[in-house]
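Everything below belongs to model_38.txt, which stores compact mmCIF, C-alpha atoms.
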```txt
# COMPACT_ATOMS: atom_id res chain seq x y z
CA MET A 1 136.89 0.09 -53.20
CA ASN A 2 136.54 3.18 -55.37
CA ALA A 3 133.23 5.13 -55.17
CA ILE A 4 131.13 5.26 -58.36
CA THR A 5 131.17 8.72 -59.82
CA PRO A 6 127.66 9.85 -60.91
CA ALA A 7 127.23 10.59 -64.64
CA PHE A 8 125.60 13.92 -63.81
CA SER A 9 126.13 16.31 -61.00
CA ASN A 10 123.13 17.31 -58.94
CA GLU A 11 123.09 20.67 -60.66
CA ALA A 12 123.08 19.04 -64.12
CA LEU A 13 120.36 16.58 -63.11
CA TRP A 14 118.14 19.35 -61.83
CA GLY A 15 118.79 21.22 -65.04
CA ILE A 16 117.63 18.24 -67.12
CA ILE A 17 114.53 17.89 -64.95
CA ALA A 18 113.79 21.58 -65.38
CA VAL A 19 114.15 21.33 -69.16
CA MET A 20 111.90 18.25 -69.32
CA GLY A 21 109.36 19.99 -67.12
CA ALA A 22 109.40 23.00 -69.39
CA VAL A 23 108.95 20.77 -72.44
CA LEU A 24 106.05 18.91 -70.81
CA LEU A 25 104.53 22.19 -69.72
CA LEU A 26 104.86 23.53 -73.24
CA LEU A 27 103.34 20.38 -74.75
CA GLY A 28 100.57 20.43 -72.18
CA GLY A 29 99.86 24.04 -72.96
CA GLU A 30 99.75 23.31 -76.68
CA LEU A 31 97.44 20.35 -76.10
CA PHE A 32 95.26 22.47 -73.85
CA TYR A 33 95.19 25.23 -76.46
CA ALA A 34 94.44 22.68 -79.18
CA ARG A 35 91.55 21.30 -77.11
CA ILE A 36 90.19 24.81 -76.63
CA GLN A 37 90.43 25.39 -80.38
CA LEU A 38 88.73 22.05 -81.08
CA ASN A 39 85.93 22.78 -78.63
CA SER A 40 85.54 26.23 -80.13
CA ARG A 41 85.33 24.79 -83.64
CA GLN A 42 82.83 22.19 -82.46
CA GLU A 43 80.73 24.91 -80.86
CA ARG A 44 80.79 26.90 -84.10
CA TYR A 45 79.94 23.77 -86.07
CA TRP A 46 77.01 22.87 -83.81
CA TRP A 47 75.85 26.49 -84.00
CA VAL A 48 75.87 26.37 -87.81
CA LEU A 49 73.85 23.14 -87.70
CA GLY A 50 71.45 24.71 -85.23
CA VAL A 51 70.54 27.65 -87.46
CA SER A 52 70.47 25.65 -90.70
CA ASN A 53 68.08 23.01 -91.97
CA MET A 54 70.56 20.21 -91.19
CA TYR A 55 70.43 17.68 -88.38
CA MET A 56 73.43 15.54 -87.41
CA PHE A 57 73.80 12.30 -85.49
CA GLU A 58 76.60 9.87 -84.62
CA TYR A 59 76.01 6.27 -83.60
CA ASP A 60 78.81 4.40 -81.82
CA ILE A 61 77.87 0.83 -82.66
CA ALA A 62 80.42 -0.80 -80.35
CA ALA A 63 79.33 1.26 -77.33
CA ASP A 64 75.68 1.33 -78.46
CA GLU A 65 75.54 5.10 -77.89
CA LEU A 66 73.75 7.69 -80.00
CA LEU A 67 74.73 11.37 -80.05
CA LEU A 68 72.38 13.95 -81.58
CA SER A 69 72.99 17.58 -82.42
CA ASP A 70 70.92 20.01 -80.33
CA HIS A 71 68.83 20.80 -83.40
CA PHE A 72 68.16 17.11 -84.02
CA ALA A 73 67.35 16.35 -80.38
CA ALA A 74 64.79 19.17 -80.38
CA LEU A 75 63.28 17.83 -83.63
CA LEU A 76 62.74 14.39 -82.09
CA GLY A 77 62.01 15.54 -78.56
CA ALA A 78 64.84 13.30 -77.34
CA PRO A 79 67.98 13.73 -75.19
CA ARG A 80 71.23 14.53 -76.99
CA HIS A 81 73.14 11.54 -75.60
CA ILE A 82 71.38 8.18 -75.55
CA TYR A 83 73.08 5.19 -73.93
CA GLN A 84 72.10 1.56 -74.62
CA PHE A 85 70.34 2.80 -77.73
CA SER A 86 69.39 -0.60 -79.21
CA THR A 87 67.91 -1.73 -75.88
CA ILE A 88 65.79 1.41 -75.65
CA MET A 89 64.61 1.07 -79.24
CA GLY A 90 63.67 -2.56 -78.67
CA ALA A 91 61.50 -1.55 -75.72
CA LEU A 92 59.61 1.22 -77.56
CA PRO A 93 55.86 0.54 -77.98
CA LYS A 94 54.76 -0.05 -81.58
CA GLN A 95 52.70 3.14 -81.59
CA MET A 96 55.93 5.11 -81.03
CA SER A 97 57.65 3.73 -84.16
CA GLN A 98 56.56 6.72 -86.27
CA ARG A 99 57.08 9.46 -83.67
CA GLY A 100 59.91 11.03 -81.70
CA LEU A 101 62.80 8.71 -80.96
CA GLY A 102 61.06 5.93 -82.86
CA ASN A 103 62.00 7.72 -86.09
CA ILE A 104 65.68 6.91 -85.50
CA SER A 105 65.22 3.29 -86.61
CA ARG A 106 63.64 4.52 -89.84
CA ILE A 107 66.50 6.98 -90.33
CA LEU A 108 69.16 4.29 -89.86
CA GLU A 109 67.27 2.05 -92.29
CA CYS A 110 67.11 4.91 -94.79
CA CYS A 111 70.90 5.31 -94.44
CA LYS A 112 71.35 2.11 -96.41
CA GLN A 113 70.14 3.81 -99.56
CA ASP A 114 70.72 7.53 -98.91
CA GLY A 115 67.09 8.29 -99.60
CA ARG A 116 64.26 10.56 -98.53
CA LEU A 117 62.15 10.14 -95.45
CA GLU A 118 58.83 11.62 -94.36
CA MET A 119 58.87 12.28 -90.64
CA ARG A 120 56.51 13.88 -88.15
CA ARG A 121 57.98 16.77 -86.18
CA MET A 122 57.28 17.35 -82.49
CA ASP A 123 54.72 20.04 -83.38
CA GLY A 124 52.75 17.45 -85.34
CA SER A 125 53.63 18.75 -88.82
CA MET A 126 55.07 16.45 -91.47
CA GLY A 127 58.51 17.10 -92.91
CA VAL A 128 60.52 15.60 -95.74
CA PHE A 129 64.21 14.94 -95.05
CA ARG A 130 67.08 13.83 -97.25
CA VAL A 131 69.31 11.35 -95.38
CA ARG A 132 73.06 11.07 -95.97
CA CYS A 133 75.20 8.65 -93.95
CA ASN A 134 78.71 7.26 -93.80
CA SER A 135 79.86 4.13 -91.95
CA PHE A 136 83.29 3.53 -90.44
CA LYS A 137 85.15 0.29 -89.72
CA ASP A 138 87.77 -0.52 -87.11
CA LYS A 139 91.22 -1.98 -87.82
CA HIS A 140 89.68 -5.46 -87.94
CA GLY A 141 87.25 -4.44 -90.66
CA GLN A 142 84.25 -4.48 -88.34
CA LEU A 143 81.60 -1.77 -88.54
CA CYS A 144 82.12 0.43 -85.49
CA SER A 145 80.32 3.73 -86.03
CA MET A 146 77.99 5.67 -88.28
CA VAL A 147 77.67 9.40 -88.90
CA GLY A 148 74.73 10.93 -90.68
CA ILE A 149 73.09 14.20 -91.64
CA LEU A 150 69.44 14.92 -92.31
CA VAL A 151 68.60 17.89 -94.50
CA ASP A 152 65.11 19.36 -94.31
CA VAL A 153 63.88 19.44 -97.92
CA THR A 154 60.20 19.92 -97.12
CA ARG A 155 59.89 23.12 -99.14
CA GLU A 156 61.73 21.55 -102.07
CA ALA A 157 59.43 18.51 -101.93
CA GLN A 158 56.35 20.76 -101.83
CA GLU A 159 57.57 22.69 -104.86
CA GLU A 160 58.24 19.44 -106.73
CA GLU A 161 54.75 18.20 -105.86
CA ALA A 162 53.24 21.48 -107.02
CA LEU A 163 55.10 21.23 -110.33
CA ARG A 164 54.01 17.62 -110.76
CA THR A 165 50.42 18.57 -110.02
CA ARG A 166 50.49 21.39 -112.55
CA ALA A 167 51.92 19.01 -115.14
CA GLU A 168 49.33 16.28 -114.49
CA ARG A 169 46.19 18.28 -113.75
CA ASP A 170 43.82 20.20 -115.95
CA GLY A 171 44.22 23.87 -115.14
CA LEU A 172 40.50 24.64 -115.16
CA THR A 173 38.92 21.65 -113.40
CA ALA A 174 41.87 20.21 -111.38
CA VAL A 175 41.11 16.65 -112.56
CA TYR A 176 43.75 14.78 -114.56
CA ASN A 177 44.47 16.29 -117.96
CA SER A 178 44.11 14.30 -121.18
CA ASP A 179 47.71 13.09 -121.44
CA THR A 180 47.87 12.00 -117.80
CA VAL A 181 44.52 10.21 -117.71
CA ARG A 182 45.28 8.33 -120.93
CA PHE A 183 48.67 7.26 -119.56
CA ARG A 184 47.39 6.24 -116.12
CA ILE A 185 44.38 4.32 -117.38
CA GLY A 186 46.49 2.70 -120.09
CA LYS A 187 48.94 1.42 -117.48
CA MET A 188 46.13 0.10 -115.29
CA LEU A 189 44.59 -1.71 -118.26
CA GLU A 190 47.94 -3.38 -118.95
CA LYS A 191 48.15 -4.67 -115.37
CA ARG A 192 44.56 -5.85 -114.92
CA THR A 193 43.66 -9.53 -114.99
CA GLY A 194 40.61 -11.11 -116.56
CA ALA A 195 39.36 -12.25 -113.17
CA VAL A 196 38.60 -8.66 -112.09
CA SER A 197 35.93 -6.54 -113.78
CA SER A 198 36.45 -2.85 -114.44
CA GLY A 199 34.49 -0.12 -116.17
CA PHE A 200 35.16 2.92 -118.33
CA VAL A 201 32.76 5.84 -118.55
CA MET A 202 32.60 8.88 -120.83
CA LEU A 203 30.33 11.88 -120.37
CA ASP A 204 29.81 15.39 -121.62
CA VAL A 205 27.54 18.38 -121.01
CA ASP A 206 24.33 18.51 -123.00
CA HIS A 207 24.15 21.51 -125.35
CA PHE A 208 27.43 22.87 -124.02
CA LYS A 209 28.08 24.92 -127.15
CA GLY A 210 24.79 26.73 -126.59
CA ILE A 211 25.83 27.59 -123.04
CA ASN A 212 29.07 29.13 -124.30
CA ASP A 213 27.35 30.98 -127.13
CA THR A 214 24.48 32.30 -124.99
CA LEU A 215 26.10 33.02 -121.62
CA GLY A 216 29.74 33.36 -122.59
CA HIS A 217 32.85 31.29 -121.99
CA GLN A 218 33.16 32.32 -118.35
CA SER A 219 29.83 30.67 -117.62
CA GLY A 220 30.94 27.67 -119.66
CA ASP A 221 34.09 27.41 -117.55
CA ARG A 222 32.02 27.55 -114.36
CA VAL A 223 29.84 24.73 -115.66
CA LEU A 224 32.92 22.55 -116.24
CA GLN A 225 34.32 23.39 -112.81
CA ASN A 226 31.02 22.54 -111.11
CA LEU A 227 30.73 19.35 -113.14
CA SER A 228 34.17 18.17 -112.06
CA ASP A 229 33.26 18.96 -108.43
CA SER A 230 30.09 16.89 -108.71
CA LEU A 231 31.98 13.97 -110.27
CA ARG A 232 34.41 13.91 -107.35
CA THR A 233 31.49 13.41 -104.97
CA ALA A 234 30.28 10.40 -106.96
CA VAL A 235 33.46 8.35 -107.35
CA ARG A 236 35.49 6.12 -105.05
CA ASP A 237 39.04 6.92 -103.97
CA THR A 238 40.37 4.30 -106.39
CA ASP A 239 38.56 5.70 -109.44
CA ILE A 240 40.33 7.97 -111.94
CA ILE A 241 38.72 11.12 -113.36
CA GLY A 242 40.12 13.00 -116.34
CA ARG A 243 39.16 15.74 -118.75
CA LEU A 244 39.76 14.60 -122.31
CA GLY A 245 39.06 18.00 -123.85
CA GLY A 246 36.29 20.58 -124.11
CA ASP A 247 33.33 19.35 -122.07
CA GLU A 248 34.30 15.68 -122.42
CA PHE A 249 35.31 13.76 -119.27
CA CYS A 250 36.13 10.13 -118.55
CA ILE A 251 36.16 7.95 -115.44
CA TYR A 252 37.91 4.61 -114.97
CA LEU A 253 36.42 2.23 -112.39
CA PRO A 254 38.85 -0.50 -111.36
CA GLN A 255 37.57 -3.59 -109.57
CA ILE A 256 33.81 -3.38 -109.89
CA PRO A 257 31.58 -6.38 -109.10
CA ASP A 258 29.56 -6.59 -112.31
CA TYR A 259 27.84 -4.86 -115.24
CA GLU A 260 24.86 -3.87 -113.08
CA PHE A 261 27.21 -1.86 -110.84
CA LEU A 262 28.44 0.03 -113.91
CA CYS A 263 24.88 0.84 -114.99
CA ARG A 264 23.91 2.06 -111.52
CA PHE A 265 27.04 4.23 -111.46
CA CYS A 266 26.12 5.87 -114.78
CA GLN A 267 22.62 6.58 -113.44
CA ARG A 268 24.16 8.05 -110.30
CA LEU A 269 26.28 10.44 -112.39
CA ASN A 270 23.14 11.80 -114.06
CA ALA A 271 21.40 12.29 -110.72
CA VAL A 272 24.38 13.75 -108.85
CA SER A 273 25.29 16.27 -111.55
CA LYS A 274 21.68 17.44 -111.97
CA SER A 275 21.27 17.85 -108.21
CA TYR A 276 24.62 19.64 -107.94
CA PHE A 277 23.80 22.18 -110.64
CA ASN A 278 20.40 22.87 -109.03
CA GLN A 279 22.28 23.99 -105.90
CA THR A 280 24.71 26.32 -107.68
CA GLU A 281 24.23 29.94 -108.71
CA ILE A 282 24.80 29.37 -112.42
CA GLY A 283 21.09 29.90 -113.01
CA ILE A 284 20.65 27.48 -115.92
CA ASP A 285 19.46 23.90 -116.23
CA VAL A 286 22.57 21.78 -116.88
CA THR A 287 22.44 18.05 -117.64
CA ILE A 288 24.93 15.47 -118.86
CA SER A 289 24.87 12.38 -121.05
CA VAL A 290 26.82 9.29 -120.00
CA GLY A 291 28.15 6.24 -121.81
CA GLY A 292 29.80 3.35 -120.00
CA VAL A 293 31.38 0.05 -120.99
CA LEU A 294 32.59 -3.02 -119.16
CA VAL A 295 36.28 -3.44 -120.01
CA ARG A 296 37.08 -6.57 -121.98
CA PRO A 297 40.27 -8.63 -121.62
CA ASP A 298 43.34 -7.21 -123.40
CA GLU A 299 41.66 -3.92 -124.31
CA THR A 300 43.78 -0.78 -124.61
CA PHE A 301 42.75 2.77 -123.81
CA ALA A 302 41.95 3.34 -127.48
CA ASP A 303 39.66 0.30 -127.45
CA VAL A 304 37.62 1.31 -124.39
CA TYR A 305 37.54 4.93 -125.53
CA ARG A 306 36.05 3.95 -128.89
CA ARG A 307 33.33 1.75 -127.35
CA ALA A 308 32.47 4.23 -124.57
CA ASP A 309 32.27 7.04 -127.13
CA GLN A 310 29.76 4.98 -129.09
CA ALA A 311 27.74 4.36 -125.91
CA LEU A 312 27.78 8.10 -125.21
CA TYR A 313 26.54 8.79 -128.75
CA GLU A 314 23.66 6.36 -128.20
CA ALA A 315 22.77 8.07 -124.91
CA LYS A 316 22.53 11.42 -126.69
CA ALA A 317 20.39 9.85 -129.40
CA GLN A 318 17.91 8.85 -126.69
CA GLY A 319 17.28 12.49 -125.88
CA ARG A 320 20.21 13.49 -123.64
CA ASN A 321 20.23 13.69 -119.82
CA THR A 322 20.46 9.92 -119.89
CA ASN A 323 22.99 7.12 -120.00
CA CYS A 324 23.83 4.02 -121.94
CA GLY A 325 25.87 1.01 -120.87
CA ARG A 326 27.55 -1.71 -122.89
CA LYS A 327 29.16 -4.98 -121.95
```
How would this structure read if it were set down as structure tokens?
Amino acid sequence: MNAITPAFSNEALWGIIAVMGAVLLLLGGELFYARIQLNSRQERYWWVLGVSNMYMFEYDIAADELLLSDHFAALLGAPRHIYQFSTIMGALPKQMSQRGLGNISRILECCKQDGRLEMRRMDGSMGVFRVRCNSFKDKHGQLCSMVGILVDVTREAQEEEALRTRAERDGLTAVYNSDTVRFRIGKMLEKRTGAVSSGFVMLDVDHFKGINDTLGHQSGDRVLQNLSDSLRTAVRDTDIIGRLGGDEFCIYLPQIPDYEFLCRFCQRLNAVSKSYFNQTEIGIDVTISVGGVLVRPDETFADVYRRADQALYEAKAQGRNTNCGRK
């Protein structure tokens, strides 16, 4: 029988093995270098996140694992890598739902609409964050992971609130300005039902023109500022105060029990303002006149304004420093 001749000599076979080894070594080196580059890029990326106002997270739904950037973990006071995330969240006490790790559930819920979220930081301060998320599906079309970024927009939100306040508030007294109070009360009148009573009150400073003419406009401004301060001490949190112009103010009282409550409130305004001015350093006797009406069904702001203005006129006709109510 003839011996089978090998296709390659030993020298050739070793040569092939050497070439393959070199190729594998080269590929391994490239992969190793690529991994180093990737890790380096990730480190740079995490560093950028750490010094910016952005916070990143990744949630592996299939594995139920949550990964937070260092910056984000510090914000929540939580570990970077959280295993069995849904189990941990389910075991959190209710009082933790608005703090620390408990905020994650709110963040994931906010992801559905890419909205804003108010969240308490670990130092106790409140922050406003814009949430942006993207979900990923596997080859079967099933949701498998979610990546999101939170951007700290607290300063932006504060600036927006300051602009809104300046637009809505009277610059001198800090109560609602005429346009805002008319709009807000008008909307509330549209929504009210006949089953609930509400009141509308107008008031102004007695002999205010004489104060301006005698003591000057600076003193007149101080009178209006002190008056608005005294009104704030007399109203409920649900009541609306506005300056209609000059020394004329209005107050809307939603959900009052009856007409007698309205009358007692008007009397209280007279007493509170007089007492308040006695404690200030203005040095003059300041009083107010008050007119109040019980809001009727289907009345608009113009309707209640007209009737309350008439009640105020009647109060002044009685000698000022008094009040008049109308049903």
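As for atom CA of Gly199 of chain A and atom CA of Ile256 of chain A, they are spaced 7.1 Å apart.
Among the candidates A:Phe57, A:Phe136, A:Phe200, A:Tyr276, the one nearest to Arg307 of chain A when counting all atoms listed in the file is A:Phe200.
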Need to verify the contact set: Phe301 of chain A, 12 Å, all atoms listed in the file, exclusion of same-chain residues closer than 5 positions in sequence. Can you return it as number ranges by chain? A: 178-179, 181-190, 199-201, 250-252, 295-296, 306-309
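Taking all atoms listed in the file into account, Tyr59 of chain A lies nearest to A:Gly148 out of the set A:Gly148, A:Arg236, A:Arg132, A:Arg120.
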